[in-house]
Each structure stands twice: as C-alpha cells, then as structure tokens.
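Trainee: One structure is given below, represented as structure tokens, and several questions about it will come after.
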Protein chains: 2
Amino acid sequence: MENGLQLKTAEIEKISHLDYFNIAISVDCVIFGYDQKELKVLLIKSDLSEFAGLYSLLGDLIRTQENLKEASYRILKERTGLEDVYLEQVHAFSAVDRHPSGRVITIAYYSLIDINHHKLKLSHNELHWHAIGDIKKLAFDHRLILDTCLERLRQQVLENPVIFNLLPEKFSLRQLQELYQAILGVKLDRRNFRKKISVKDWLVDIDEMEENVPHRPGKVYKLKPEFRKKNRISKSLVINGMTL
Amino acid sequence: MENGLQLKTAEIEKISHLDYFNIAISVDCVIFGYDQKELKVLLIKSDLSEFAGLYSLLGDLIRTQENLKEASYRILKERTGLEDVYLEQVHAFSAVDRHPSGRVITIAYYSLIDINHHKLKLSHNELHWHAIGDIKKLAFDHRLILDTCLERLRQQVLENPVIFNLLPEKFSLRQLQELYQAILGVKLDRRNFRKKISVKDWLVDIDEMEENVPHRPGKVYKLKPEFRKKNRISKSLVINGMTL
DNA sequence: AATTAATGTGTTATAATTACATATCTGTAA
DNA sequence: TTACAGATATGTAATTATAACACATTAATT
C-alpha cells in the first residue's frame with residue numbers, strides 16, 4: 001500500500017491524529033512473472049523520501065467497503081490493468097515501525113501472471129520487472145515480504161498446479177521445466193521431470209509443435225481445464241529430495 | 001477479538017462514526033490442546049446478543065504499540081494465563097460483514113499448548129475446551145477460522161516437529177501416535193509409525209517407563225532440545241499416501 | 001495362575017525416486 | 001547439399017521409501 005499511502009497524505013494525517021484506532025490496513029502484492037528463463041517481480045519506484053532510489057511492491061490502503069482480496073484485485077487493475085489473475089494471501093506484516101509515516105499493517109498477496117499475454121500499462125507508471133536474483137534492498141519491509149511470498153510460491157508449486165498461471169496457454173515441456181527450475185533454484189533431470197509431469201496427468205497433448213525456436217521444435221501442451229486457476233492435488237511429487 | 005470488542009463499545013462507536021479509517025484490526029487465537037485422545041480447542045461463550053448461546057474464539061483488538069504476535073501473546077496471557085506458547089499466524093479474514101458491530105479485519109493465529117502442564121485460569125471466564133469433532137456452529141466466521149487453522153495444523157505436523165507442543169515433556173510413542181491420529185483423523189500402523197519416527201531422530205530415549213498405566217508400561221521419550229519450539233525439517237515422512 | 005491388553009520388533013512386496021545414454025529431428029552455417 | 005549444433009524423445013536398472021502384516025513379551029488385573 002505504501003505508494004498508495006503517498007498519494008493520500010490527508011488520510012495518513014487523520015490516522016496519526018486519532019488516539020486509538022490509528023492503525024491503517026493495506027495490501028501489498030508480490031506480482032510474479034516469468035520471462036527469459038527468469039522469475040521476475042513487478043516493482044515500482046518508491047516515492048517516499050525515506051526510501052529514495054529504492055523500489056517497492058504495489059500496494060494500497062484498504063477501503064471500507066472492500067475485503068482484502070477485492071482490494072488486491074483493485075490494485076492490480078488500477079496499477080497494471082490486469083484482471084483475472086491468480087492471487088493468494090500469504091501473511092500479515094505488522095511491525096510497529098514498518099512504515100515511516102505511521103502505523104500500517106499490511107497483508108501480503110502474491111499473484112502469478114503470464115508476462116507476455118497480459119499487456120501491462122507499465123509505461124506511465126514507474127513499474128518495472130526485476131529478476132528475483134537481482135533484487136537487493138527494497139523499501140519498507142518489502143524485501144521480507146518478497147522473501148516470504150517466494151517461499152510460499154516454492155511450496156505451492158510443489159503441491160498444486162499453480163505454476164501454469166505463469167506460462168502462456170500453450171507451452172512446451174522444456175519451458176515448464178525451466179520455469180520450475182527458475183522458481184525452485186535447482187536443476188532437474190529432464191527424463192525424470194517428464195515422467196513426473198506425465199504421472200500428474202495435468203496436460204493435454206494438443207498435437208502442435210513449437211514454432212520459431214532456433215532448434216528442433218518440441219510438442220506443445222495445454223493445461224487441462226479442470227486444473228485452471230487454483231486447485232488441490234492429492235499427492236505431491238518428489239524430485240531431488242524435494243516434494244514436487 | 002470479538003469478545004474484546006464487546007468490552008469496548010465506546011471504541012466501536014468511534015469506529016463506525018469515522019468515514020474512512022473505520023476498520024478495526026483484531027487477532028483471534030485458535031488454541032489447540034490434546035486430552036483424552038482428542039484434539040480440543042479453547043472457546044469462550046459469546047456475549048454478543050447476535051450470537052447468543054454460541055461459542056467463539058479468543059480475540060481482541062490490536063493496540064497501537066503492539067504487533068500482531070504481541071497482541072496474540074497478550075490475549076493468551078490475559079485470558080488464560082498462558083505464556084511461552086507455540087504460536088503461528090495463519091490467515092487474515094476480512095469479509096466486510098463478518099462482524100455485526102462494524103468493520104473488523106481479523107488475523108488468525110493458532111496456538112499449541114500442553115493442556116495438563118499449563119494451568120489455565122478457566123474458571124472465572126466462560127472458557128471451555130471443546131473436542132474438535134463436537135464443534136458445530138460458532139459465533140462470527142469463527143468456524144471458518146477454526147477450519148482454516150486446523151487445516152494448517154494438519155499440514156504443519158506433517159512437515160515439522162511442532163506436534164510436541166501439545167504433549168507433556170515426557171511421552172510414550174503410543175501417546176504420540178494417538179495424537180497424530182487425533183489431528184489427522186486417520187489410523188496409523190504402529191510398526192510403520194515407529195519406524196518413521198525413529199528415522200526422524202527427533203527423540204531421546206531417557207530410559208524411563210510409563211507409570212500408572214493400566215497395562216504394560218512403554219518407554220517414555222523426550223524431544224531433543226534442538227527441535228523444541230519451531231523448526232524446519234528437510235524432508236517429510238509419508239504415511240498412507242499422506243506426507244508425514 | 002490365568003487372563004487381558006498393550007509393548008516391542010522385522011520382513012516382504014510394491015511403488016517411487018534417482019542416475020544415466022542414445023538415436024532422432026530441425027535449423028543453421030559452411 | 002552437407003555437416004554440425006543443439007535440442008527432442010525415450011527406458012532401464014539400482015536404490016530407497018512405503019504399506020501390509022504376526023508373534024513373542026511384559027505387566028497389571030482378576
């Protein structure tokens with residue numbers, strides 16, 4: 001919400017002048033995308049003087065008539081133009097001094113989007129994709145929030161077919177494997193990986209091949225519709241001692 | 001917090017008369033205990049007329065100078081006398097109409113305590129332990145909160161040695177197995193269970209036996225100190241298709 | 001002394017995981 | 001057109017983990 005706060009200084013004033021209910025509530029969105037074999041996060045340049053030069057997550061204060069998820073969707077829509085994205089609540093961050101302008105408790109969500117499909121209106125904002133490996137310091141406690149969300153994402157992709165929200169509708173097994181590798185930070189054996197995915201029975205072979213790749217094209221697949229969006233799967237895979 | 005709210009009607013009034021920052025924040029604690037081979041939850045009789053006769057979780061509004069975990073500890077201490085308990089944040093609940101007296105977002109924590117070791121001051125409050133199987137309707141959205149926390153607890157005990165917070169310092173393998181069964185709602189094979197626990201290497205054999213049991217006494221064990229409180233374990237066990 | 005009820009322990013069959021190599025196909029560059 | 005580079009596609013064997021299962025032993029109770 002931190003950037004939202006910036007834009008609404010009047011309200012912050014109001015908060016800090018109340019003697020009891022002076023805690024504001026925000027949501028912050030960790031928006032993950034995948035491009036160039038790297039997991040990326042959408043960040044905005046912080047406009048708080050305290051955090052000059054640093055990037056922060058997208059967030060805003062909660063409004064009276066909306067719940068947290070609605071607020072997250074609103075922020076995604078307003079700031080990026082995105083709709084219908086995968087969104088999951090992760091954790092509430094509440095350190096008393098986490099916001100320089102006053103007491104703000106924030107609830108973190110992570111979101112998974114297909115960078116290339118969703119056309120973001122990145123230009124007018126100070127929005128940029130950052131590879132997770134390149135991110136050092138962030139404004140507020142956003143580095144902690146990011147790390148927490150990333151940890152949750154890693155856990156999630158090992159249990160549920162949420163990863164497909166990061167890929168285009170049609171994708172090759174190589175793309176899928178590279179994405180798992182980017183998220184988990186490990187190398188996977190190609191034959192074992194394919195066996196596991198095939199056991200999962202998540203994919204339909206649509207009898208098409210990759211195009212415009214600088215090598216022999218592989219088959220492309222779609223996710224079976226019943227696994228679109230969120231889903232619970234009974235049993236997890238295990239790869240290299242990790243439950244996948 | 002809902003009962004806390006009750007006691008602070010003045011502040012509620014204040015909230016609802018504000019036009020913008022009129023969202024209150026509370027924590028609610030799902031306090032799990034284990035007794036008589038049953039997983040139990042500590043509940044308090046709701047004093048809201050809207051929920052007459054129903055029980056609710058223990059909660060209270062957040063104060064300006066405390067974070068969410070501190071608030072949870074404060075509530076546990078104030079309402080039950082408990083200190084040094086295992087506590088874990090689970091989820092924020094934010095439905096606009098979840099509280100009849102106004103807009104309140106609550107963050108749920110679950111707590112694990114050894115019922116017989118911690119002497120609760122249950123008497124003066126309307127506090128009672130309820131077996132999870134016996135709980136039907138609860139005040140507010142507390143049934144949803146309870147279910148969410150129980151789900152998280154089930155997930156947690158399959159991955160980390162948090163379950164020992166529910167047991168006395170010394171316990172037998174039978175007690176441990178019965179506790180897993182109570183939490184997970186499954187029957188486990190004794191020999192396989194013992195093998196898995198022994199592979200985990202969580203326990204020390206303190207060379208003592210059960211006493212005052214109406215049958216052949218079993219050995220009692222302690223948790224190795226390095227696994228006390230929270231802990232991450234590299235690999236999970238799997239029992240009956242469930243990762244244990 | 002007999003009975004009851006729980007402890008303590010090991011093997012076998014099945015399933016899952018890991019490590020690993022070769023033939024094939026396509027695009028690109030000579 | 002040919003050779004080369006780089007990726008696809010595929011299966012087996014060794015190891016490890018899991019699930020199912022039975023019997024002798026111990027202590028308390030009658």
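FYI, nothing fancy with the structure tokens labels: chains A, B, ... in order, residues from 1 per chain, ligands from 1 as they appear.
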Show me, as JSON, numbers by chain, the residues of chain A whose atoms get within 10 Å of chain D, using only C-alpha atoms (C1' of nucleotides) for the distance check.
Mentor: {"A": [174, 191, 213, 214, 215, 216, 217, 218, 219]}
Trainee: Once you count only C-alpha atoms, what closest atom pair and distance in Å to one decimal does each residue of chain A within 6 Å of chain B have, with rows by chain and rising residue number, as JSON lines?
Mentor:
{"residue": "A:Asn67", "atom": "CA", "partner": "B:Ser94", "partner_atom": "CA", "distance": 5.2}
{"residue": "A:Ser94", "atom": "CA", "partner": "B:Asn67", "partner_atom": "CA", "distance": 5.2}
{"residue": "A:Ala95", "atom": "CA", "partner": "B:Asn67", "partner_atom": "CA", "distance": 5.4}
{"residue": "A:Val96", "atom": "CA", "partner": "B:Asn67", "partner_atom": "CA", "distance": 5.8}
Trainee: Using only C-alpha atoms (C1' of nucleotides), which of the listed residues (C:DA21, C:DA1, C:DA6, C:DA16) sits closest to chain B?
Mentor: C:DA6
Trainee: Can you pull out every residue from stretch 124-238 of chain B that DSSP, working from the backbone, puts in alpha helix (DSSP H), and format the result as a PyMOL selection string?
Mentor: chain B and resi 142-157+173-184+190-200
Trainee: When the cut-off is 10 Å and we count only C-alpha atoms (C1' of nucleotides), which residues of chain C are near chain B, given as a PyMOL selection string?
Mentor: chain C and resi 4-10
Trainee: Would you compute the distance between atom C1' of C:DA19 and atom CA of A:Asn192? Give it in Å to one decimal.
Mentor: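 The value is 9.6 Å.
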